[in-house]
Amino acid sequence: MVIVITGASSGIGLATGKMLAEKGFTVVGLSRNPKPDAGFDGVACDVTDFKAVETAFNEIKEKYGRIDALINNAGMGIAGAIEHTTAEDLDKQFALNVMALINACKCITPIMRSQGGGKIINIGSVAGVIPIPFQTAYATTKSAVDMFSMSYGLEVKDFGIKVSVVMPGDTKTGFTANRIKNEVLEDENYKERVSKSIQRMEKDEQNGKPPESVAKVVLKVLKKKKPPSRVTVGFGYKCIVFLQKILPRRVMLWVVKKLYG
Ligand SMILES: NC(=O)c1ccc[n+]([C@@H]2O[C@H](COP(=O)([O-])OP(=O)(O)OC[C@H]3O[C@@H](n4cnc5c(N)ncnc54)[C@H](OP(=O)(O)O)[C@@H]3O)[C@@H](O)[C@H]2O)c1
């Protein structure tokens, strides 16, 4: 089985690539700075460059004969009040987390269809179903990943292409250090709330689960004949997502405001 992972040089993508390679899968990672000692093949590719992704997929298909699975994992986060978020940062956020993921699915579709099918796992986030103030843009991108995966999944189901979303919660990776922060400490309207909220999210991430916990779930989904359309990582987060479904919206929003607002 040939598996392509985007964002495979760090965190969840690296841990997943290593685990899958150890299990005997052929893994190719696409990252801007591939790790030479990762234990699987790496291609230098900025996934926001649509043409480069198409070329990389075609080259991988030529080299290995097929691509059985695509894991769209590359992502980053921006934090801060929307009022102070620059257009440039918003563009970066959506270009990587949403547009690049959609483009990768678009490019892989004819390849997988020609093989009679394949699996796509899009890495979403619990933040895609639970709102998080001051991570609003990030949460919005992950919500888009969830809806895109369902809608696109229905478009390609008849080609044998199965699309799943894996939703991690806080995970200890380079994500925290790579976050773009707009704290704007001189604005009294937000200053303390934003700082507290960011501190809390950073602490939660750094005390979060190791990236291998997400890799295990990805492996499970890959092995399934009928993969779930969405799976949350970890019992605690499964409970939170369940509660979000059954609680009245205003109660859920009250709790989130207390924690992050
Ligand atoms: N950590 C968490 O708490 C958490 C929770 C829920 C969901 N997630 C999601 O999990 C995914 C992986 O994040 P992570 O936590 O593993 O973060 P990470 O350690 O920062 O890894 C991000 C990966 O994305 C790659 N990347 C970034 N920009 C890229 C680009 N333009 N082209 C190609 N690759 C690019 C990076 O590689 P290069 O720099 O080499 O390009 C790196 O391999 C993301 O989608 C994130 O939103 C994370």
# chains A, B, ... in the order shown; residues from 1 in each chain; ligands from 1
call {"tool": "closest_atom_pairs", "arguments": {"of": "chain A", "to": "ligand 1", "cutoff": "7 Å", "atoms": "only C-alpha atoms and all ligand atoms", "output": "CSV"}}
result
residue,atom,partner,partner_atom_place_in_ligand_line,distance
A:Thr6,CA,ligand 1,34 (N),5.8
A:Gly7,CA,ligand 1,25 (C),3.4
A:Ala8,CA,ligand 1,43 (O),4.4
A:Ser9,CA,ligand 1,43 (O),3.8
A:Ser10,CA,ligand 1,43 (O),4.1
A:Gly11,CA,ligand 1,16 (O),3.4
A:Ile12,CA,ligand 1,16 (O),3.8
A:Gly13,CA,ligand 1,16 (O),5.6
A:Leu14,CA,ligand 1,43 (O),6.7
A:Leu30,CA,ligand 1,33 (C),6.0
A:Ser31,CA,ligand 1,34 (N),3.9
A:Arg32,CA,ligand 1,41 (O),3.5
A:Asn33,CA,ligand 1,40 (O),3.6
A:Pro34,CA,ligand 1,40 (O),5.5
A:Cys45,CA,ligand 1,33 (C),5.8
A:Asp46,CA,ligand 1,32 (N),3.5
A:Val47,CA,ligand 1,32 (N),4.0
A:Thr48,CA,ligand 1,31 (N),5.3
A:Asn73,CA,ligand 1,45 (O),4.6
A:Ala74,CA,ligand 1,24 (O),3.6
A:Gly75,CA,ligand 1,45 (O),3.5
A:Met76,CA,ligand 1,47 (O),5.2
A:Gly77,CA,ligand 1,47 (O),6.5
A:Leu96,CA,ligand 1,31 (N),6.0
A:Asn97,CA,ligand 1,45 (O),6.5
A:Ile123,CA,ligand 1,45 (O),5.4
A:Gly124,CA,ligand 1,7 (C),5.7
A:Ser125,CA,ligand 1,6 (C),4.2
A:Val126,CA,ligand 1,6 (C),6.4
A:Met167,CA,ligand 1,6 (C),6.3
A:Pro168,CA,ligand 1,6 (C),4.4
A:Gly169,CA,ligand 1,5 (C),4.7
A:Asp170,CA,ligand 1,3 (O),3.6
A:Thr171,CA,ligand 1,3 (O),3.7
A:Lys172,CA,ligand 1,1 (N),5.6
A:Thr173,CA,ligand 1,19 (O),4.4
A:Gly174,CA,ligand 1,19 (O),3.5
A:Phe175,CA,ligand 1,20 (O),3.5
A:Thr176,CA,ligand 1,1 (N),6.8
A:Asn178,CA,ligand 1,20 (O),5.6
A:Glu205,CA,ligand 1,3 (O),5.1
A:Pro211,CA,ligand 1,16 (O),6.9
call {"tool": "write_last_selection", "arguments": {"atoms": "N, CA and C atoms", "output": "CSV table (one decimal), in the first residue's frame"}}
result
chain,number,residue,atom,x,y,z
A,6,THR,N,0.9,14.6,3.8
A,6,THR,CA,1.4,16.0,3.7
A,6,THR,C,1.8,16.4,5.1
A,7,GLY,N,2.8,17.3,5.2
A,7,GLY,CA,3.3,17.7,6.5
A,7,GLY,C,3.9,16.6,7.3
A,8,ALA,N,4.8,15.9,6.7
A,8,ALA,CA,5.4,14.7,7.4
A,8,ALA,C,6.7,14.9,8.0
A,9,SER,N,7.1,16.2,8.2
A,9,SER,CA,8.5,16.4,8.7
A,9,SER,C,8.4,16.7,10.2
A,10,SER,N,7.2,16.7,10.8
A,10,SER,CA,7.1,17.1,12.2
A,10,SER,C,5.8,16.5,12.8
A,11,GLY,N,5.8,16.4,14.1
A,11,GLY,CA,4.5,16.2,14.8
A,11,GLY,C,3.7,15.0,14.4
A,12,ILE,N,2.4,15.2,14.1
A,12,ILE,CA,1.5,14.1,13.8
A,12,ILE,C,1.9,13.4,12.5
A,13,GLY,N,2.3,14.2,11.5
A,13,GLY,CA,2.6,13.7,10.2
A,13,GLY,C,3.8,12.8,10.2
A,14,LEU,N,4.8,13.3,11.0
A,14,LEU,CA,6.1,12.5,11.2
A,14,LEU,C,5.8,11.2,11.9
A,30,LEU,N,5.2,14.7,2.0
A,30,LEU,CA,5.4,16.0,1.3
A,30,LEU,C,5.5,17.1,2.3
A,31,SER,N,6.6,17.7,2.4
A,31,SER,CA,6.8,18.8,3.4
A,31,SER,C,7.8,19.8,2.7
A,32,ARG,N,7.8,21.0,3.3
A,32,ARG,CA,8.8,22.0,2.7
A,32,ARG,C,10.2,21.5,3.1
A,33,ASN,N,10.4,21.0,4.3
A,33,ASN,CA,11.7,20.5,4.7
A,33,ASN,C,11.7,19.1,5.2
A,34,PRO,N,11.6,18.1,4.2
A,34,PRO,CA,11.5,16.7,4.6
A,34,PRO,C,12.7,16.3,5.5
A,45,CYS,N,8.1,19.8,-0.9
A,45,CYS,CA,6.9,20.4,-1.6
A,45,CYS,C,6.2,21.3,-0.7
A,46,ASP,N,5.9,22.5,-1.2
A,46,ASP,CA,5.0,23.4,-0.4
A,46,ASP,C,3.6,23.1,-0.9
A,47,VAL,N,2.8,22.6,-0.1
A,47,VAL,CA,1.4,22.1,-0.5
A,47,VAL,C,0.5,23.3,-0.9
A,48,THR,N,0.9,24.5,-0.6
A,48,THR,CA,0.1,25.6,-1.0
A,48,THR,C,0.4,26.0,-2.5
A,73,ASN,N,-2.5,16.3,6.1
A,73,ASN,CA,-2.2,16.6,7.5
A,73,ASN,C,-1.5,18.0,7.7
A,74,ALA,N,-0.9,18.5,6.7
A,74,ALA,CA,-0.1,19.8,6.8
A,74,ALA,C,-1.1,20.8,7.3
A,75,GLY,N,-0.7,21.5,8.3
A,75,GLY,CA,-1.6,22.6,8.9
A,75,GLY,C,-0.8,23.4,9.9
A,76,MET,N,-1.4,24.6,10.2
A,76,MET,CA,-0.9,25.5,11.2
A,76,MET,C,-2.0,26.3,11.8
A,77,GLY,N,-1.7,27.0,12.9
A,77,GLY,CA,-2.8,27.8,13.5
A,77,GLY,C,-2.4,29.3,13.7
A,96,LEU,N,-3.3,27.2,3.6
A,96,LEU,CA,-2.7,25.9,4.0
A,96,LEU,C,-3.8,24.9,4.5
A,97,ASN,N,-4.6,25.3,5.5
A,97,ASN,CA,-5.5,24.4,6.1
A,97,ASN,C,-6.7,24.0,5.2
A,123,ILE,N,-6.9,15.5,8.2
A,123,ILE,CA,-6.8,15.8,9.6
A,123,ILE,C,-7.5,17.1,10.0
A,124,GLY,N,-8.6,16.9,10.7
A,124,GLY,CA,-9.4,18.0,11.2
A,124,GLY,C,-8.9,18.4,12.6
A,125,SER,N,-9.9,18.7,13.4
A,125,SER,CA,-9.6,19.1,14.8
A,125,SER,C,-10.9,19.1,15.6
A,126,VAL,N,-10.8,18.8,16.9
A,126,VAL,CA,-11.9,19.0,17.8
A,126,VAL,C,-12.4,20.5,17.6
A,167,MET,N,-10.1,13.7,13.9
A,167,MET,CA,-10.1,14.9,14.7
A,167,MET,C,-9.3,14.8,16.0
A,168,PRO,N,-8.0,15.2,16.0
A,168,PRO,CA,-7.3,15.2,17.3
A,168,PRO,C,-7.7,16.3,18.2
A,169,GLY,N,-7.5,16.2,19.5
A,169,GLY,CA,-7.6,17.3,20.4
A,169,GLY,C,-6.2,17.8,20.6
A,170,ASP,N,-5.9,18.3,21.8
A,170,ASP,CA,-4.6,18.8,22.1
A,170,ASP,C,-3.5,17.8,22.0
A,171,THR,N,-2.5,18.0,21.2
A,171,THR,CA,-1.4,17.1,20.9
A,171,THR,C,-0.1,17.8,21.0
A,172,LYS,N,0.9,17.2,21.7
A,172,LYS,CA,2.2,17.8,21.9
A,172,LYS,C,3.0,17.7,20.6
A,173,THR,N,3.1,18.8,19.9
A,173,THR,CA,3.9,18.8,18.6
A,173,THR,C,4.5,20.2,18.4
A,174,GLY,N,5.0,20.4,17.3
A,174,GLY,CA,5.6,21.7,16.9
A,174,GLY,C,4.5,22.7,16.6
A,175,PHE,N,3.3,22.3,16.6
A,175,PHE,CA,2.1,23.2,16.3
A,175,PHE,C,2.1,24.4,17.2
A,176,THR,N,2.4,24.2,18.5
A,176,THR,CA,2.4,25.3,19.5
A,176,THR,C,3.4,26.4,19.1
A,178,ASN,N,4.8,26.8,16.3
A,178,ASN,CA,4.7,27.4,14.9
A,178,ASN,C,3.4,28.3,14.8
A,205,GLU,N,-1.9,22.1,25.0
A,205,GLU,CA,-1.2,21.4,23.9
A,205,GLU,C,0.0,20.8,24.4
A,211,PRO,N,2.0,12.7,19.6
A,211,PRO,CA,1.5,12.5,18.2
A,211,PRO,C,1.2,11.1,17.8
call {"tool": "residues_around", "arguments": {"residues": "A:Ala81", "least_positions_apart": "6", "cutoff": "9 Å", "atoms": "only C-alpha atoms", "output": "PDB file with C-alpha atoms, in the first residue's frame"}}
result
ATOM      1  CA  PRO A 133     -12.462  32.211  20.797  1.00  0.00           C
ATOM      2  CA  PHE A 134      -9.123  33.704  19.780  1.00  0.00           C
ATOM      3  CA  GLN A 135      -8.500  30.641  17.633  1.00  0.00           C
ATOM      4  CA  THR A 136     -11.510  31.623  15.547  1.00  0.00           C
ATOM      5  CA  ASN A 182      -1.471  38.404  17.290  1.00  0.00           C
ATOM      6  CA  GLU A 183      -1.743  39.320  20.960  1.00  0.00           C
ATOM      7  CA  VAL A 184      -1.866  43.129  20.431  1.00  0.00           C
ATOM      8  CA  TYR A 190      -8.639  42.114  24.534  1.00  0.00           C
ATOM      9  CA  VAL A 194      -6.283  36.984  24.629  1.00  0.00           C
TER      10      VAL A 194
END
call {"tool": "select_by_dssp", "arguments": {"residues": "stretch 56-211 of chain A", "states": "helix (DSSP H, G or I)", "output": "ChimeraX atom specification"}}
result
/A:56-64,82-84,87-114,126-128,136-159,175-178,191-206,211
call {"tool": "residues_around", "arguments": {"residues": "A:Phe94", "least_positions_apart": "2", "cutoff": "12 Å", "atoms": "only C-alpha atoms", "output": "PyMOL selection string"}}
result
chain A and resi 48+74-78+87-92+96-102+136-145
call {"tool": "residues_around", "arguments": {"residues": "A:Arg200", "least_positions_apart": "5", "cutoff": "9 Å", "atoms": "only C-alpha atoms", "output": "PyMOL selection string"}}
result
chain A and resi 195+205+259-260
call {"tool": "closest_atom_pairs", "arguments": {"of": "stretch 69-136 of chain A", "to": "stretch 235-253 of chain A", "cutoff": "8 Å", "atoms": "only C-alpha atoms", "output": "JSON lines"}}
result
{"residue": "A:Val126", "atom": "CA", "partner": "A:Val241", "partner_atom": "CA", "distance": 7.3}
{"residue": "A:Val129", "atom": "CA", "partner": "A:Val241", "partner_atom": "CA", "distance": 7.3}
{"residue": "A:Ile130", "atom": "CA", "partner": "A:Gln244", "partner_atom": "CA", "distance": 7.1}
{"residue": "A:Pro131", "atom": "CA", "partner": "A:Leu253", "partner_atom": "CA", "distance": 7.8}
